[in-house]
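Engineer: Hey, dropping my_file-v9.cif in here, mmCIF, C-alpha atoms:
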data_data
loop_
_atom_site.group_PDB
_atom_site.id
_atom_site.type_symbol
_atom_site.label_atom_id
_atom_site.label_comp_id
_atom_site.auth_asym_id
_atom_site.auth_seq_id
_atom_site.Cartn_x
_atom_site.Cartn_y
_atom_site.Cartn_z
ATOM 1 C CA MET A 1 -21.064 2.753 39.952
ATOM 2 C CA PRO A 2 -20.955 -1.070 40.367
ATOM 3 C CA ASP A 3 -19.523 -2.990 37.413
ATOM 4 C CA THR A 4 -22.809 -4.898 37.117
ATOM 5 C CA LEU A 5 -24.540 -1.721 35.924
ATOM 6 C CA HIS A 6 -22.330 -1.274 32.861
ATOM 7 C CA PRO A 7 -22.823 -3.256 29.624
ATOM 8 C CA PHE A 8 -19.178 -4.307 29.401
ATOM 9 C CA HIS A 9 -19.353 -6.142 32.759
ATOM 10 C CA THR A 10 -20.692 -9.214 30.922
ATOM 11 C CA LEU A 11 -17.744 -9.291 28.528
ATOM 12 C CA THR A 12 -15.689 -11.912 30.330
ATOM 13 C CA PRO A 13 -12.833 -13.920 28.776
ATOM 14 C CA ASP A 14 -15.243 -16.834 28.307
ATOM 15 C CA VAL A 15 -17.657 -14.635 26.357
ATOM 16 C CA VAL A 16 -14.791 -13.262 24.260
ATOM 17 C CA MET A 17 -13.636 -16.774 23.344
ATOM 18 C CA ASP A 18 -17.199 -17.936 22.648
ATOM 19 C CA ALA A 19 -17.645 -14.973 20.293
ATOM 20 C CA VAL A 20 -14.463 -15.841 18.397
ATOM 21 C CA GLU A 21 -15.393 -19.522 18.224
ATOM 22 C CA SER A 22 -18.842 -18.608 16.882
ATOM 23 C CA LEU A 23 -17.006 -17.705 13.669
ATOM 24 C CA GLY A 24 -15.396 -21.139 13.307
ATOM 25 C CA PHE A 25 -12.090 -20.621 15.125
ATOM 26 C CA ARG A 26 -10.827 -22.791 17.982
ATOM 27 C CA CYS A 27 -9.361 -20.852 20.899
ATOM 28 C CA ASP A 28 -6.517 -22.226 23.028
ATOM 29 C CA CYS A 29 -7.801 -20.460 26.201
ATOM 30 C CA ARG A 30 -5.081 -17.772 26.115
ATOM 31 C CA THR A 31 -6.626 -14.323 26.288
ATOM 32 C CA LEU A 32 -5.055 -10.943 26.957
ATOM 33 C CA ALA A 33 -6.982 -7.703 27.475
ATOM 34 C CA LEU A 34 -5.283 -4.934 25.485
ATOM 35 C CA ASN A 35 -5.224 -1.231 26.321
ATOM 36 C CA SER A 36 -8.532 0.161 25.121
ATOM 37 C CA TYR A 37 -11.081 2.263 26.932
ATOM 38 C CA GLU A 38 -13.669 3.375 24.400
ATOM 39 C CA ASN A 39 -14.134 -0.201 23.215
ATOM 40 C CA ARG A 40 -12.843 -3.482 24.619
ATOM 41 C CA VAL A 41 -10.041 -5.233 22.748
ATOM 42 C CA TRP A 42 -8.668 -8.694 23.462
ATOM 43 C CA GLN A 43 -5.883 -10.788 22.003
ATOM 44 C CA VAL A 44 -7.133 -14.341 21.646
ATOM 45 C CA GLY A 45 -4.879 -17.343 21.067
ATOM 46 C CA LEU A 46 -5.917 -20.005 18.564
ATOM 47 C CA GLU A 47 -5.210 -23.723 18.442
ATOM 48 C CA GLU A 48 -4.107 -23.268 14.840
ATOM 49 C CA GLY A 49 -2.491 -20.131 13.471
ATOM 50 C CA ALA A 50 -1.453 -16.810 14.940
ATOM 51 C CA PRO A 51 -3.560 -15.115 17.627
ATOM 52 C CA LEU A 52 -6.353 -12.774 16.592
ATOM 53 C CA VAL A 53 -7.350 -9.423 18.045
ATOM 54 C CA ALA A 54 -11.064 -9.146 18.867
ATOM 55 C CA LYS A 55 -12.534 -5.646 19.081
ATOM 56 C CA PHE A 56 -15.898 -5.291 20.840
ATOM 57 C CA TYR A 57 -17.585 -1.987 20.053
ATOM 58 C CA ARG A 58 -19.044 0.146 22.819
ATOM 59 C CA PRO A 59 -22.823 -0.367 22.664
ATOM 60 C CA ALA A 60 -24.857 2.471 21.137
ATOM 61 C CA ARG A 61 -21.827 4.529 20.070
ATOM 62 C CA TRP A 62 -21.668 3.793 16.327
ATOM 63 C CA SER A 63 -24.436 2.561 14.077
ATOM 64 C CA PRO A 64 -23.852 -0.508 11.905
ATOM 65 C CA ALA A 65 -23.635 1.816 8.881
ATOM 66 C CA GLN A 66 -20.928 3.913 10.552
ATOM 67 C CA ILE A 67 -18.914 0.840 11.509
ATOM 68 C CA GLY A 68 -19.391 -0.457 7.987
ATOM 69 C CA GLU A 69 -17.830 2.716 6.602
ATOM 70 C CA GLU A 70 -14.877 2.343 8.982
ATOM 71 C CA HIS A 71 -14.278 -1.186 7.687
ATOM 72 C CA SER A 72 -14.869 -0.279 4.046
ATOM 73 C CA PHE A 73 -12.315 2.528 4.257
ATOM 74 C CA CYS A 74 -9.759 0.079 5.670
ATOM 75 C CA PHE A 75 -10.475 -2.452 2.911
ATOM 76 C CA GLU A 76 -10.185 0.234 0.251
ATOM 77 C CA LEU A 77 -6.814 1.346 1.603
ATOM 78 C CA ALA A 78 -5.572 -2.248 1.909
ATOM 79 C CA GLU A 79 -6.604 -2.966 -1.685
ATOM 80 C CA HIS A 80 -4.315 -0.119 -2.721
ATOM 81 C CA GLU A 81 -1.511 -1.740 -0.696
ATOM 82 C CA LEU A 82 -1.564 0.871 2.047
ATOM 83 C CA PRO A 83 -0.080 -0.326 5.369
ATOM 84 C CA VAL A 84 -3.311 -0.582 7.357
ATOM 85 C CA VAL A 85 -4.492 -3.380 9.625
ATOM 86 C CA ALA A 86 -7.915 -4.187 8.180
ATOM 87 C CA PRO A 87 -10.596 -6.399 9.764
ATOM 88 C CA TRP A 88 -10.929 -10.094 8.992
ATOM 89 C CA ARG A 89 -13.725 -11.050 6.591
ATOM 90 C CA ASN A 90 -15.590 -14.336 6.507
ATOM 91 C CA PRO A 91 -16.216 -16.180 3.213
ATOM 92 C CA ASP A 92 -19.365 -14.086 2.712
ATOM 93 C CA GLY A 93 -17.341 -10.861 2.918
ATOM 94 C CA GLU A 94 -18.761 -9.881 6.324
ATOM 95 C CA SER A 95 -16.534 -8.132 8.853
ATOM 96 C CA LEU A 96 -18.951 -6.994 11.588
ATOM 97 C CA PHE A 97 -20.430 -9.708 13.777
ATOM 98 C CA HIS A 98 -22.872 -9.999 16.703
ATOM 99 C CA PHE A 99 -22.648 -12.041 19.868
ATOM 100 C CA GLN A 100 -24.722 -11.729 23.048
ATOM 101 C CA GLY A 101 -25.633 -8.117 22.406
ATOM 102 C CA PHE A 102 -22.186 -6.980 21.291
ATOM 103 C CA ARG A 103 -20.943 -5.953 17.864
ATOM 104 C CA PHE A 104 -17.392 -7.136 17.266
ATOM 105 C CA ALA A 105 -14.716 -7.508 14.611
ATOM 106 C CA LEU A 106 -11.560 -9.600 14.327
ATOM 107 C CA TYR A 107 -8.145 -8.368 13.248
ATOM 108 C CA PRO A 108 -4.819 -10.044 12.562
ATOM 109 C CA ARG A 109 -2.293 -9.421 15.301
ATOM 110 C CA GLN A 110 0.277 -6.854 14.173
ATOM 111 C CA GLY A 111 3.567 -6.395 15.970
ATOM 112 C CA GLY A 112 5.554 -3.184 16.078
ATOM 113 C CA HIS A 113 6.413 -0.191 18.195
ATOM 114 C CA ALA A 114 5.505 3.477 18.242
ATOM 115 C CA PRO A 115 7.191 5.563 15.522
ATOM 116 C CA GLU A 116 9.918 8.058 16.379
ATOM 117 C CA PHE A 117 8.490 11.403 15.340
ATOM 118 C CA ASP A 118 11.842 13.055 16.069
ATOM 119 C CA ASN A 119 13.380 11.018 13.251
ATOM 120 C CA LEU A 120 12.919 13.131 10.101
ATOM 121 C CA ASP A 121 13.490 10.126 7.821
ATOM 122 C CA ASN A 122 10.631 8.338 9.564
ATOM 123 C CA LEU A 123 8.417 11.391 9.112
ATOM 124 C CA GLN A 124 9.107 11.431 5.390
ATOM 125 C CA ILE A 125 8.020 7.780 5.179
ATOM 126 C CA LEU A 126 4.918 8.579 7.236
ATOM 127 C CA GLY A 127 4.208 11.495 4.920
ATOM 128 C CA ARG A 128 4.259 9.207 1.897
ATOM 129 C CA ALA A 129 1.823 6.806 3.565
ATOM 130 C CA LEU A 130 -0.529 9.611 4.570
ATOM 131 C CA GLY A 131 -0.340 11.224 1.144
ATOM 132 C CA ARG A 132 -1.427 7.942 -0.434
ATOM 133 C CA THR A 133 -4.129 7.512 2.222
ATOM 134 C CA HIS A 134 -5.560 10.975 1.610
ATOM 135 C CA ALA A 135 -5.451 10.573 -2.161
ATOM 136 C CA ILE A 136 -7.799 7.621 -1.688
ATOM 137 C CA GLY A 137 -9.753 9.328 1.083
ATOM 138 C CA ALA A 138 -10.555 12.213 -1.253
ATOM 139 C CA LEU A 139 -12.079 9.968 -3.919
ATOM 140 C CA ARG A 140 -15.490 9.704 -2.229
ATOM 141 C CA PRO A 141 -17.143 10.984 0.952
ATOM 142 C CA PHE A 142 -18.245 9.278 4.108
ATOM 143 C CA ARG A 143 -22.039 9.225 4.148
ATOM 144 C CA HIS A 144 -22.608 8.070 7.714
ATOM 145 C CA ARG A 145 -19.501 8.870 9.737
ATOM 146 C CA PRO A 146 -19.402 12.293 11.415
ATOM 147 C CA LEU A 147 -17.692 15.545 10.562
ATOM 148 C CA LEU A 148 -14.944 16.953 12.753
ATOM 149 C CA ASP A 149 -16.275 20.414 13.510
ATOM 150 C CA SER A 150 -16.542 23.024 16.214
ATOM 151 C CA ALA A 151 -20.174 22.167 16.969
ATOM 152 C CA SER A 152 -19.548 18.548 17.970
ATOM 153 C CA PHE A 153 -16.013 18.709 19.346
ATOM 154 C CA GLY A 154 -16.164 22.197 20.856
ATOM 155 C CA HIS A 155 -19.601 23.597 21.690
ATOM 156 C CA ALA A 156 -21.116 20.217 22.591
ATOM 157 C CA SER A 157 -18.116 19.384 24.785
ATOM 158 C CA VAL A 158 -18.395 22.628 26.746
ATOM 159 C CA ALA A 159 -22.149 22.184 27.123
ATOM 160 C CA ARG A 160 -21.597 18.666 28.489
ATOM 161 C CA LEU A 161 -19.100 19.921 31.074
ATOM 162 C CA ARG A 162 -21.019 23.027 32.090
ATOM 163 C CA ASP A 163 -22.583 21.296 35.105
ATOM 164 C CA PHE A 164 -19.808 18.720 35.521
ATOM 165 C CA VAL A 165 -17.086 21.211 36.435
ATOM 166 C CA PRO A 166 -16.823 21.792 40.211
ATOM 167 C CA ALA A 167 -18.570 24.986 41.315
ATOM 168 C CA ASP A 168 -15.304 26.639 42.373
ATOM 169 C CA TYR A 169 -13.952 26.375 38.820
ATOM 170 C CA ARG A 170 -17.126 26.782 36.761
ATOM 171 C CA ALA A 171 -16.954 30.541 36.184
ATOM 172 C CA SER A 172 -13.306 30.392 35.080
ATOM 173 C CA TYR A 173 -14.000 27.409 32.827
ATOM 174 C CA LEU A 174 -16.987 29.008 31.123
ATOM 175 C CA ALA A 175 -15.150 32.306 30.629
ATOM 176 C CA VAL A 176 -12.091 30.793 28.976
ATOM 177 C CA THR A 177 -14.083 28.338 26.838
ATOM 178 C CA ALA A 178 -16.375 31.115 25.585
ATOM 179 C CA ARG A 179 -13.336 32.991 24.296
ATOM 180 C CA LEU A 180 -11.819 29.813 22.890
ATOM 181 C CA LEU A 181 -14.951 28.782 20.998
ATOM 182 C CA ALA A 182 -15.250 32.252 19.461
ATOM 183 C CA ALA A 183 -11.603 32.127 18.383
ATOM 184 C CA ILE A 184 -11.960 28.599 16.989
ATOM 185 C CA ASP A 185 -15.099 29.480 15.029
ATOM 186 C CA ALA A 186 -13.338 32.535 13.577
ATOM 187 C CA THR A 187 -10.291 30.448 12.626
ATOM 188 C CA LEU A 188 -12.321 27.731 10.948
ATOM 189 C CA THR A 189 -14.219 30.223 8.787
ATOM 190 C CA ALA A 190 -11.275 32.483 7.895
ATOM 191 C CA GLY A 191 -9.075 31.994 4.881
ATOM 192 C CA GLY A 192 -11.642 30.579 2.486
ATOM 193 C CA PRO A 193 -13.224 27.138 2.185
ATOM 194 C CA THR A 194 -11.372 24.066 3.442
ATOM 195 C CA GLN A 195 -11.490 20.714 1.698
ATOM 196 C CA PHE A 196 -12.831 17.929 3.921
ATOM 197 C CA ILE A 197 -11.905 14.323 3.111
ATOM 198 C CA ARG A 198 -12.036 10.900 4.703
ATOM 199 C CA THR A 199 -9.261 10.695 7.317
ATOM 200 C CA HIS A 200 -7.949 8.351 9.976
ATOM 201 C CA GLY A 201 -9.016 11.052 12.418
ATOM 202 C CA ASP A 202 -6.903 9.968 15.417
ATOM 203 C CA CYS A 203 -3.437 9.658 13.968
ATOM 204 C CA HIS A 204 -1.270 9.720 17.092
ATOM 205 C CA ALA A 205 1.747 7.537 17.906
ATOM 206 C CA GLY A 206 -0.379 4.938 19.712
ATOM 207 C CA ASN A 207 -2.300 4.196 16.513
ATOM 208 C CA ILE A 208 0.794 3.674 14.352
ATOM 209 C CA LEU A 209 2.921 0.535 14.634
ATOM 210 C CA TRP A 210 6.440 0.851 13.221
ATOM 211 C CA ARG A 211 7.834 -2.385 11.861
ATOM 212 C CA ALA A 212 10.640 -3.168 9.425
ATOM 213 C CA GLY A 213 11.149 0.495 8.608
ATOM 214 C CA ALA A 214 7.507 1.170 7.743
ATOM 215 C CA PRO A 215 4.341 2.341 9.532
ATOM 216 C CA HIS A 216 1.208 0.262 9.965
ATOM 217 C CA PHE A 217 -1.933 2.266 10.758
ATOM 218 C CA VAL A 218 -4.382 0.694 13.203
ATOM 219 C CA ASP A 219 -7.653 1.620 14.912
ATOM 220 C CA PHE A 220 -9.789 3.574 12.456
ATOM 221 C CA ASP A 221 -12.510 3.772 15.128
ATOM 222 C CA ASP A 222 -12.423 7.591 14.980
ATOM 223 C CA ALA A 223 -12.269 7.840 11.184
ATOM 224 C CA ARG A 224 -14.243 10.883 10.137
ATOM 225 C CA THR A 225 -14.538 13.651 7.575
ATOM 226 C CA ALA A 226 -11.921 16.287 8.367
ATOM 227 C CA PRO A 227 -9.247 18.523 6.839
ATOM 228 C CA ALA A 228 -6.132 16.621 5.773
ATOM 229 C CA VAL A 229 -4.062 18.408 8.412
ATOM 230 C CA GLN A 230 -5.987 16.506 11.126
ATOM 231 C CA ASP A 231 -3.837 13.451 10.321
ATOM 232 C CA LEU A 232 -0.596 15.470 10.344
ATOM 233 C CA TRP A 233 -0.557 17.871 13.263
ATOM 234 C CA MET A 234 -0.275 15.262 16.031
ATOM 235 C CA MET A 235 3.154 14.309 14.663
ATOM 236 C CA LEU A 236 4.533 17.804 15.329
ATOM 237 C CA SER A 237 6.119 18.699 18.666
ATOM 238 C CA GLY A 238 8.740 20.913 20.226
ATOM 239 C CA ASP A 239 9.490 24.551 19.520
ATOM 240 C CA ARG A 240 8.498 26.324 16.332
ATOM 241 C CA ALA A 241 11.769 25.594 14.533
ATOM 242 C CA ARG A 242 11.503 21.903 15.340
ATOM 243 C CA GLN A 243 7.889 21.729 14.209
ATOM 244 C CA LEU A 244 8.778 23.379 10.924
ATOM 245 C CA ALA A 245 11.527 20.816 10.326
ATOM 246 C CA GLN A 246 9.114 17.990 11.114
ATOM 247 C CA LEU A 247 6.445 19.485 8.884
ATOM 248 C CA GLU A 248 8.850 19.855 5.959
ATOM 249 C CA ALA A 249 9.880 16.196 6.281
ATOM 250 C CA LEU A 250 6.256 15.039 6.432
ATOM 251 C CA LEU A 251 5.197 17.091 3.438
ATOM 252 C CA GLU A 252 8.228 16.115 1.379
ATOM 253 C CA GLY A 253 6.885 12.568 1.384
ATOM 254 C CA TYR A 254 3.221 13.606 1.349
ATOM 255 C CA HIS A 255 3.545 15.672 -1.840
ATOM 256 C CA GLU A 256 4.757 12.639 -3.770
ATOM 257 C CA PHE A 257 1.171 11.358 -3.745
ATOM 258 C CA TYR A 258 -1.182 14.177 -2.784
ATOM 259 C CA ASP A 259 -1.226 17.967 -2.698
ATOM 260 C CA PHE A 260 -1.401 19.667 0.682
ATOM 261 C CA ASP A 261 -3.121 23.034 0.926
ATOM 262 C CA PRO A 262 -0.797 25.195 3.092
ATOM 263 C CA ARG A 263 -3.800 27.288 4.188
ATOM 264 C CA GLU A 264 -4.755 24.357 6.427
ATOM 265 C CA LEU A 265 -1.776 25.129 8.680
ATOM 266 C CA ARG A 266 -3.861 27.908 10.243
ATOM 267 C CA LEU A 267 -6.179 25.184 11.608
ATOM 268 C CA ILE A 268 -3.599 23.331 13.721
ATOM 269 C CA GLU A 269 -4.090 25.159 17.018
ATOM 270 C CA ALA A 270 -7.862 25.209 16.554
ATOM 271 C CA LEU A 271 -7.862 21.443 16.002
ATOM 272 C CA ARG A 272 -5.561 20.933 18.974
ATOM 273 C CA THR A 273 -7.912 22.966 21.173
ATOM 274 C CA LEU A 274 -10.960 21.027 19.962
ATOM 275 C CA ARG A 275 -9.170 17.796 20.840
ATOM 276 C CA ILE A 276 -8.440 19.060 24.364
ATOM 277 C CA LEU A 277 -12.076 20.088 24.882
ATOM 278 C CA HIS A 278 -13.417 16.866 23.424
ATOM 279 C CA TYR A 279 -11.083 14.707 25.527
ATOM 280 C CA ALA A 280 -12.357 16.244 28.770
ATOM 281 C CA ALA A 281 -15.966 15.747 27.679
ATOM 282 C CA TRP A 282 -15.173 12.163 26.648
ATOM 283 C CA LEU A 283 -13.923 11.394 30.165
ATOM 284 C CA ALA A 284 -17.070 12.920 31.636
ATOM 285 C CA ASN A 285 -19.317 11.009 29.240
ATOM 286 C CA ARG A 286 -17.644 7.700 30.154
ATOM 287 C CA TRP A 287 -17.420 8.221 33.910
ATOM 288 C CA ASP A 288 -20.158 5.640 34.515
ATOM 289 C CA ASP A 289 -17.899 2.971 32.953
ATOM 290 C CA PRO A 290 -16.021 1.503 35.946
ATOM 291 C CA ILE A 291 -12.755 1.269 34.016
ATOM 292 C CA PHE A 292 -12.585 5.064 33.710
ATOM 293 C CA PRO A 293 -12.442 6.021 37.418
ATOM 294 C CA ARG A 294 -9.873 3.248 37.914
ATOM 295 C CA THR A 295 -7.717 4.304 34.956
ATOM 296 C CA PHE A 296 -8.094 8.083 35.201
ATOM 297 C CA PRO A 297 -8.353 8.711 38.974
ATOM 298 C CA TRP A 298 -6.957 12.219 38.553
ATOM 299 C CA PHE A 299 -9.924 13.336 36.472
ATOM 300 C CA ASN A 300 -12.495 15.613 38.104
ATOM 301 C CA THR A 301 -10.185 16.532 40.980
ATOM 302 C CA PRO A 302 -9.458 20.182 41.888
ATOM 303 C CA HIS A 303 -5.898 19.730 40.624
ATOM 304 C CA TYR A 304 -7.172 18.474 37.261
ATOM 305 C CA TRP A 305 -9.532 21.403 36.710
ATOM 306 C CA ASN A 306 -6.911 23.916 37.748
ATOM 307 C CA GLU A 307 -4.404 22.458 35.256
ATOM 308 C CA HIS A 308 -7.042 22.048 32.553
ATOM 309 C CA ILE A 309 -8.096 25.704 32.743
ATOM 310 C CA LEU A 310 -4.439 26.783 32.618
ATOM 311 C CA GLU A 311 -3.975 24.631 29.519
ATOM 312 C CA LEU A 312 -7.016 26.240 27.888
ATOM 313 C CA ARG A 313 -5.635 29.709 28.619
ATOM 314 C CA GLU A 314 -2.378 28.679 26.963
ATOM 315 C CA GLN A 315 -4.399 27.623 23.921
ATOM 316 C CA LEU A 316 -5.945 31.087 23.780
ATOM 317 C CA ALA A 317 -2.449 32.506 23.409
ATOM 318 C CA ALA A 318 -1.493 29.844 20.860
ATOM 319 C CA LEU A 319 -4.514 30.717 18.718
ATOM 320 C CA ASP A 320 -3.250 34.307 18.590
ATOM 321 C CA ASP A 321 0.241 33.261 17.429
ATOM 322 C CA PRO A 322 1.020 33.252 13.701
ATOM 323 C CA PRO A 323 0.446 29.783 12.195
ATOM 324 C CA LEU A 324 3.282 27.671 10.900
ATOM 325 C CA GLN A 325 4.360 28.740 7.424
ATOM 326 C CA LEU A 326 6.230 26.757 4.822
ATOM 327 C CA PRO A 327 9.334 28.405 3.358
#
In structure tokens, what does this structure look like?
Structural biologist:
Amino acid sequence: MPDTLHPFHTLTPDVVMDAVESLGFRCDCRTLALNSYENRVWQVGLEEGAPLVAKFYRPARWSPAQIGEEHSFCFELAEHELPVVAPWRNPDGESLFHFQGFRFALYPRQGGHAPEFDNLDNLQILGRALGRTHAIGALRPFRHRPLLDSASFGHASVARLRDFVPADYRASYLAVTARLLAAIDATLTAGGPTQFIRTHGDCHAGNILWRAGAPHFVDFDDARTAPAVQDLWMMLSGDRARQLAQLEALLEGYHEFYDFDPRELRLIEALRTLRILHYAAWLANRWDDPIFPRTFPWFNTPHYWNEHILELREQLAALDDPPLQLP
């Protein structure tokens, strides 16, 4: 699809700088597009002061109320001295702005590198930060941001891909996803009720900047109501013994500030599977955005669908394995 047919085609460097200057800043004409696909994010140099990061929200994805809750959660965490990168506010306390049909926010530039999840000391520090975050996240609910559940991440994803999958792979895809969705639904309802709280929602290494021995959490764009374990499981990797060691380090720090319900460990593979399903549907949903075919050229090829179906079959086996258990 030609770039001119997508809303982001009008978001040129000049428009980005004009948007920033509409808030009273003076740009020095240095702009740098940062890695972001769902939204568009630019680093913008200023004549005075450090550069800012301008985040332009994908049109029609979030409502103003949902974006407002994302920002409010960040402000609440920052007020409790949590290491989050919160949006800039103008003198009137506003953090969401409009320019030429786009909603955008400004952030201070934050340096750092991805955390080392293999370092158990780092995981303990991350656990402390997440324990404090969840203690605040549990104080009140989101009213507008969505729930992480099987309906939206699982069933809706499969329904979206039903006619997107190539014909040669469709029967295999539908068969394995039917079994997966049944297993996920059974897992999510077994073991009694689960507490849902406000979470970061997408707590992978790319959304954590490590600096001066501490984490800084960025990009709350996917903040949603979810079990606490949603913000923990992406930090676990390797064989079972290694994951247990990582989990113990995380929870040693976490328990200093918030209690973790060990029954949530049964949800890890279900949440992982929902993420895999949702990611494939996300690529399909965004395929009309020209940046996606350029960035993900392997998607929707026979090789991709063959590997994807194999991965889903592996998740079927993982859902049958005993969950991680604390000693």
Engineer: Show me, as a list in words, the residues that have an atom within 8 Å of Leu180 of chain A when counting only C-alpha atoms, minus same-chain residues fewer than 3 positions from it.
Structural biologist: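 Close residues of Leu180 of chain A: Val176, Thr177, Ala183, Ile184, Leu312, Gln315 and Leu316 of chain A.
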Engineer: Which of these, A:Arg286, A:Arg26, A:His278, A:Arg89, has the shortest distance to His6 of chain A once you count all atoms listed in the file?
Structural biologist: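 So, comparing all the options, the nearest one is A:Arg286.
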Engineer: Give me the residues within 8 Å of Arg266 of chain A as number ranges by chain, counting only C-alpha atoms and dropping any in the same chain fewer than 4 places off.
Structural biologist: A: 187, 270, 323-324
Engineer: Could you write out as a list in words the residues that the PyMOL selection byres ((chain A and resi 306-309) around 8) matches in the shown file?
Structural biologist: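 For this structure, the PyMOL selection byres ((chain A and resi 306-309) around 8) resolves to Tyr169, Ser172, Tyr173, Val176, Pro302, His303, Tyr304, Trp305, Leu310, Glu311, Leu312 and Arg313 of chain A.
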Engineer: Would you please work out which residue, of A:Gly112, A:Pro87, A:Gly68, A:Gly101, is nearest to Arg211 of chain A when using all atoms listed in the file?
Structural biologist: A:Gly112
